[in-house]
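Here's the structure we're looking at; comments come further down.
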Amino acid sequence: MNEQSRIFDFVDHQLTHFPKKDMFCGKENGQWISYSTAEVKNLVNQLSTGLLRLGVSGNDMRIENQDKIALISKNRPEWLMLDFACQQIGAALCPIYPTTNVNELEFIFNDAAVKYVFVSGQDILDKVNNIRTRVPSLKKVYSFDELPGVDYWKTLLQATSAAEQTQLEEIKKSIRAEHCATIIYTSGTTGTPKGVMLSHRNIVSNVLNSVKSFPFEEDTSARALSFLPLNHIFERMVSAIYIYSGISVYYAESLDTIAENLKEVRPTLFSTVPRLLEKTYEKIMAKGAELTGIKKKLFYWSVALANEYDNIKSKGIWYNVQLALANKIIFSKWREGLGGNIKLIVTGGAACQVRLIRIFTAAGIPIYEGYGPTENSPVISVNRKTKNGTRFGTVGPVIEGQEVKLEPDGEICVKGPSVMMGYYKRPDLTAETIINGWLHTGDIGIFEEGKFLKITDRKKELFKTSGGKYVAPQPIENKMKESPFVEQMMVVGAEQKFVGALIVPSLPNLKEWMQHKGIPFTTAEDAVHNPKVLDLYKELVDSFNKFFNHVEQIKKFELLPNEWTIDSGELTPTLKLKRKVIMEKYKAAVERIYN
């Protein structure tokens with residue numbers, strides 16, 4: 001067995017090669033508390049022993065017989081400790097989004113026959129208590145926080161006897177790379193959650209192949225800020241990269257505190273989704289708009305310069321001199337806002353606007369876009385730091401150890417050691433998705449220059465107009481979101497004569513425009529019906545239509561007053577649009593477009 005064939009081996013790898021004082025850090029009662037590599041290993045072993053005392057086991061290590069442990073918590077050091085503790089004894093961890101609704105929660109608990117669940121926070125505990133009586137398999141709930149009426153996780157951490165230590169080491173030795181490490185239920189944008197079964201080999205191979213393809217310098221002073229939900233395979237797998245590469249992991253308190261946590265932690269890198277980059281950019285632009293005089297001119301001059309940036313072809317000495325100046329006087333402040341220490345940002349989970357990647361990279365904040373579904377543990381491709389390794393607007397070259405082919409309709413298929421074991425208890429779905437070893441992703445793509453993978457759309461999101469022409473909504477939506485007046489949008493038009501759109505305006509920018517034009521702002525509801533506002537959006541849509549062929553052009557639209565969020569149900573936990581939900585919720589608006 002090689003040195004790292006199971007995910008939990010990475011902890012030993014760090015302990016042997018570069019033991020750290022701050023392997024994991026989290027905020028407790030307003031203070032950053034750090035855990036060293038040795039402490040983490042010790043706590044993980046104690047927790048494994050505590051679970052063994054409860055009778056938790058991998059049994060015969062056949063997936064249907066492995067005990068299942070659910071975890072519903074925001075990111076914190078205990079999250080990965082529990083993950084490793086379960087892996088070491090053969091239990092399968094089922095992490096669940098804290099935002100999951102009670103119906104889905106009940107379905108997942110019963111589908112996986114969850115025995116124990118670990119939670120953080122009163123709101124999540126309330127959700128679990130709400131369904132407890134309807135989940136016969138559930139024995140007990142533990143909490144990472146000391147809350148009334150629930151067992152505190154530390155009650156499982158008793159001193160370990162020599163016999164228990166020996167037993168644990170024996171069990172650890174028996175865990176093999178092909179055993180299931182986790183079941184991740186994807187709510188996705190469609191129907192009932194599906195449990196994706198990933199083995200140790202799936203995740204470990206993806207980590208090691210990603211590291212080979214995208215060299216993370218082994219820098220023991222490097223710090224990563226972690227805020228994307230750990231129950232998403234992207235952040236969990238990236239965490240394994242951090243551990244393997246000796247990068248300390250600091251957990252943001254929440255999505256709302258990222259700005260201040262960046263300043264406190266001064267991270268070297270982090271992974272994100274495009275929606276959060278869009279929000280950051282909007283904040284920067286709003287601050288720029290408040291400037292006056294020469295400062296304002298310099299700000300907009302710098303942004304315009306960054307918008308011209310080309311990472312492949314040099315734009316000559318004069319351009320480089322100007323960019324260096326912009327970097328010194330304007331972009332240095334942007335970098336300060338991110339903690340002043342950022343070397344790179346990796347983005348995935350949805351398509352990122354090319355303009356953002358271009359501008360941030362020019363501003364000395366390199367953004368590398370990658371791609372991969374949960375079913376591939378997840379990375380298929382990523383842009384590289386190497387010379388000519390990045391092409392804006394693509395998700396980069398395919399990583400080592402993966403084969404990719406495109407079907408005649410453009411569907412991306414991948415083969416390799418990180419393709420999932422299958423969907424839990426759903427051989428029917430598995431057989432539809434993995435054909436002759438090839439995972440069919442449901443994404444449509446092309447190769448640019450035969451090397452850089454570019455995602456053009458989701459197969460399920462493509463729709464036909466009544467004229468029989470195919471329309472891909474994502475490129476249209478992404479292009480139009482470049483306008484400062486468009487916060488969110490969704491293209492509609494399946495089986496209709498023409499393409500329409502639902503548009504959520506960017507309220508701060510719209511308010512400012514209305515003020516400038518002397519139009520009184522009362523409520524968002526009134527603003528979206530104001531004839532002058534509608535004219536503004538009509539002009540805007542027309543100006544963007546020229547980028548698309550006739551069939552794809554937006555002929556009519558409806559403005560909506562409220563932003564789509566996870567809580568209100570229109571976005572998935574990784575901030576993708578739930579198109580079906582939006583179509584249902586805004587049925588009347590869609591009907592008005594086509595009446």
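Lettering and numbering for the structure tokens are positional, with chains as A, B, ... in the shown order, residues counted from 1 in each chain, and ligands counted from 1 in the shown order.
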Select from range 470-507 of chain A everything DSSP, run on the backbone, classes as strand (DSSP E), then give the selection as a ChimeraX atom specification. /A:470-471,486-492,499-505
So which residues touch Asp22 in chain A within 6 Å, counting only C-alpha atoms, skipping near sequence neighbours fewer than 4 positions away, as a CSV table (one decimal) with N, CA and C atoms, in the first residue's frame?
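And here is the file that came out, out12.csv:
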chain,number,residue,atom,x,y,z
A,34,SER,N,-6.2,27.6,17.4
A,34,SER,CA,-5.6,26.7,16.4
A,34,SER,C,-5.3,25.3,17.0
A,35,TYR,N,-5.4,24.4,16.1
A,35,TYR,CA,-5.1,23.0,16.5
A,35,TYR,C,-3.9,22.5,15.7
A,36,SER,N,-2.9,22.0,16.4
A,36,SER,CA,-1.7,21.5,15.7
A,36,SER,C,-1.9,20.2,15.0
A,248,SER,N,-2.0,25.8,6.1
A,248,SER,CA,-3.0,25.8,7.2
A,248,SER,C,-4.3,26.2,6.8
If we count only C-alpha atoms, what is near range 509-516 of chain A at a cut-off of 12 Å, once residues fewer than 3 positions away on the same chain are taken out, given as a count of residues only? 33
Residues near range 573-579 of chain A, anyone? I mean within 7 Å using only C-alpha atoms, not counting same-chain ones fewer than 5 positions away, as JSON, numbers by chain. {"A": [189, 275, 349, 350, 566]}
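These are the residues of range 165-215 of chain A assigned alpha helix (DSSP H) by DSSP from backbone coordinates: Gln165, Thr166, Gln167, Leu168, Glu169, Glu170, Ile171, Lys172, Lys173, Ser174, His200, Arg201, Asn202, Ile203, Val204, Ser205, Asn206, Val207, Leu208, Asn209, Ser210, Val211, Lys212 and Ser213 of chain A.
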Restricted to N, CA and C atoms, what would the selected residues look like written as a PDB file, in the first residue's frame?
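Written output follows (result_26.pdb):
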ATOM      1  N   GLN A 165      -6.501   1.241  21.588  1.00  0.00           N
ATOM      2  CA  GLN A 165      -5.554   1.793  20.624  1.00  0.00           C
ATOM      3  C   GLN A 165      -5.148   0.717  19.614  1.00  0.00           C
ATOM      4  N   THR A 166      -4.851  -0.475  20.126  1.00  0.00           N
ATOM      5  CA  THR A 166      -4.466  -1.610  19.256  1.00  0.00           C
ATOM      6  C   THR A 166      -5.607  -1.950  18.305  1.00  0.00           C
ATOM      7  N   GLN A 167      -6.838  -1.997  18.871  1.00  0.00           N
ATOM      8  CA  GLN A 167      -8.014  -2.327  18.051  1.00  0.00           C
ATOM      9  C   GLN A 167      -8.171  -1.315  16.909  1.00  0.00           C
ATOM     10  N   LEU A 168      -8.018  -0.019  17.245  1.00  0.00           N
ATOM     11  CA  LEU A 168      -8.166   1.035  16.232  1.00  0.00           C
ATOM     12  C   LEU A 168      -7.123   0.877  15.131  1.00  0.00           C
ATOM     13  N   GLU A 169      -5.862   0.618  15.517  1.00  0.00           N
ATOM     14  CA  GLU A 169      -4.792   0.453  14.513  1.00  0.00           C
ATOM     15  C   GLU A 169      -5.096  -0.727  13.588  1.00  0.00           C
ATOM     16  N   GLU A 170      -5.628  -1.801  14.147  1.00  0.00           N
ATOM     17  CA  GLU A 170      -5.980  -2.986  13.336  1.00  0.00           C
ATOM     18  C   GLU A 170      -7.066  -2.625  12.311  1.00  0.00           C
ATOM     19  N   ILE A 171      -8.096  -1.890  12.800  1.00  0.00           N
ATOM     20  CA  ILE A 171      -9.199  -1.516  11.893  1.00  0.00           C
ATOM     21  C   ILE A 171      -8.676  -0.586  10.791  1.00  0.00           C
ATOM     22  N   LYS A 172      -7.837   0.394  11.184  1.00  0.00           N
ATOM     23  CA  LYS A 172      -7.288   1.332  10.191  1.00  0.00           C
ATOM     24  C   LYS A 172      -6.555   0.576   9.077  1.00  0.00           C
ATOM     25  N   LYS A 173      -5.775  -0.444   9.492  1.00  0.00           N
ATOM     26  CA  LYS A 173      -5.018  -1.227   8.491  1.00  0.00           C
ATOM     27  C   LYS A 173      -5.949  -1.942   7.512  1.00  0.00           C
ATOM     28  N   SER A 174      -7.148  -2.282   8.003  1.00  0.00           N
ATOM     29  CA  SER A 174      -8.063  -3.069   7.147  1.00  0.00           C
ATOM     30  C   SER A 174      -8.838  -2.203   6.146  1.00  0.00           C
ATOM     31  N   HIS A 200     -12.179   5.993  -1.101  1.00  0.00           N
ATOM     32  CA  HIS A 200     -10.899   6.648  -0.774  1.00  0.00           C
ATOM     33  C   HIS A 200     -10.098   6.868  -2.054  1.00  0.00           C
ATOM     34  N   ARG A 201     -10.055   5.846  -2.914  1.00  0.00           N
ATOM     35  CA  ARG A 201      -9.269   5.978  -4.151  1.00  0.00           C
ATOM     36  C   ARG A 201      -9.790   7.129  -5.001  1.00  0.00           C
ATOM     37  N   ASN A 202     -11.117   7.252  -5.109  1.00  0.00           N
ATOM     38  CA  ASN A 202     -11.698   8.344  -5.903  1.00  0.00           C
ATOM     39  C   ASN A 202     -11.120   9.684  -5.471  1.00  0.00           C
ATOM     40  N   ILE A 203     -11.192   9.975  -4.175  1.00  0.00           N
ATOM     41  CA  ILE A 203     -10.805  11.301  -3.682  1.00  0.00           C
ATOM     42  C   ILE A 203      -9.283  11.460  -3.646  1.00  0.00           C
ATOM     43  N   VAL A 204      -8.580  10.426  -3.156  1.00  0.00           N
ATOM     44  CA  VAL A 204      -7.107  10.516  -3.070  1.00  0.00           C
ATOM     45  C   VAL A 204      -6.490  10.713  -4.458  1.00  0.00           C
ATOM     46  N   SER A 205      -6.982   9.973  -5.455  1.00  0.00           N
ATOM     47  CA  SER A 205      -6.420  10.114  -6.812  1.00  0.00           C
ATOM     48  C   SER A 205      -6.683  11.516  -7.337  1.00  0.00           C
ATOM     49  N   ASN A 206      -7.866  12.065  -7.033  1.00  0.00           N
ATOM     50  CA  ASN A 206      -8.183  13.399  -7.513  1.00  0.00           C
ATOM     51  C   ASN A 206      -7.288  14.449  -6.856  1.00  0.00           C
ATOM     52  N   VAL A 207      -7.006  14.250  -5.566  1.00  0.00           N
ATOM     53  CA  VAL A 207      -6.107  15.168  -4.849  1.00  0.00           C
ATOM     54  C   VAL A 207      -4.704  15.113  -5.448  1.00  0.00           C
ATOM     55  N   LEU A 208      -4.157  13.898  -5.579  1.00  0.00           N
ATOM     56  CA  LEU A 208      -2.763  13.769  -6.044  1.00  0.00           C
ATOM     57  C   LEU A 208      -2.611  14.204  -7.502  1.00  0.00           C
ATOM     58  N   ASN A 209      -3.605  13.889  -8.346  1.00  0.00           N
ATOM     59  CA  ASN A 209      -3.533  14.319  -9.752  1.00  0.00           C
ATOM     60  C   ASN A 209      -3.701  15.833  -9.886  1.00  0.00           C
ATOM     61  N   SER A 210      -4.522  16.424  -9.022  1.00  0.00           N
ATOM     62  CA  SER A 210      -4.684  17.890  -9.061  1.00  0.00           C
ATOM     63  C   SER A 210      -3.390  18.578  -8.640  1.00  0.00           C
ATOM     64  N   VAL A 211      -2.746  18.027  -7.615  1.00  0.00           N
ATOM     65  CA  VAL A 211      -1.493  18.619  -7.128  1.00  0.00           C
ATOM     66  C   VAL A 211      -0.408  18.546  -8.202  1.00  0.00           C
ATOM     67  N   LYS A 212      -0.358  17.423  -8.922  1.00  0.00           N
ATOM     68  CA  LYS A 212       0.634  17.281 -10.007  1.00  0.00           C
ATOM     69  C   LYS A 212       0.344  18.281 -11.120  1.00  0.00           C
ATOM     70  N   SER A 213      -0.950  18.480 -11.409  1.00  0.00           N
ATOM     71  CA  SER A 213      -1.320  19.318 -12.549  1.00  0.00           C
ATOM     72  C   SER A 213      -1.243  20.797 -12.224  1.00  0.00           C
TER      73      SER A 213
END
Polymer residues at most 10 Å from range 397-407 of chain A, only C-alpha atoms, same-chain spacing of 2 or more positions, as a PyMOL selection string: chain A and resi 205-206+208-214+370-371+376+379-384+389-391+394-395+409-419+438-440+443-448+450-454
Excluding Gln66 in chain A and its own-chain neighbours fewer than 2 positions away, which residues fall within 9 Å of it when counting only C-alpha atoms? Please give them as a ChimeraX atom specification. /A:56-64,68,90-92,180
Write the residues of the selection above to a file with C-alpha atoms, as a PDB file, in the first residue's frame.
ATOM      1  CA  VAL A  56     -20.273   2.226  15.008  1.00  0.00           C
ATOM      2  CA  SER A  57     -18.543   0.031  12.454  1.00  0.00           C
ATOM      3  CA  GLY A  58     -17.833  -0.624   8.812  1.00  0.00           C
ATOM      4  CA  ASN A  59     -19.163  -4.154   9.461  1.00  0.00           C
ATOM      5  CA  ASP A  60     -18.116  -6.208   6.387  1.00  0.00           C
ATOM      6  CA  MET A  61     -17.250  -2.961   4.488  1.00  0.00           C
ATOM      7  CA  ARG A  62     -19.886  -3.615   1.828  1.00  0.00           C
ATOM      8  CA  ILE A  63     -21.419  -0.195   1.234  1.00  0.00           C
ATOM      9  CA  GLU A  64     -24.953  -1.233   2.238  1.00  0.00           C
ATOM     10  CA  LYS A  68     -23.823   5.870   8.161  1.00  0.00           C
ATOM     11  CA  GLY A  90     -15.085   2.249   8.038  1.00  0.00           C
ATOM     12  CA  ALA A  91     -18.245   4.313   8.713  1.00  0.00           C
ATOM     13  CA  ALA A  92     -19.559   6.306   5.724  1.00  0.00           C
ATOM     14  CA  CYS A 180     -16.545   3.804   0.297  1.00  0.00           C
TER      15      CYS A 180
END
Looking at A:Val354, A:His550, A:Val196, A:Ile124, which one is nearest to Thr433 in chain A, with distances taken over only C-alpha atoms?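 Under the stated criterion, the closest residue is A:Val196.
Atom pair CA of Met197 in chain A / CA of Ile183 in chain A: separated by 4.6 Å.
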By how many Å are CA of Ser332 in chain A and CA of Val238 in chain A apart? 27.3 Å
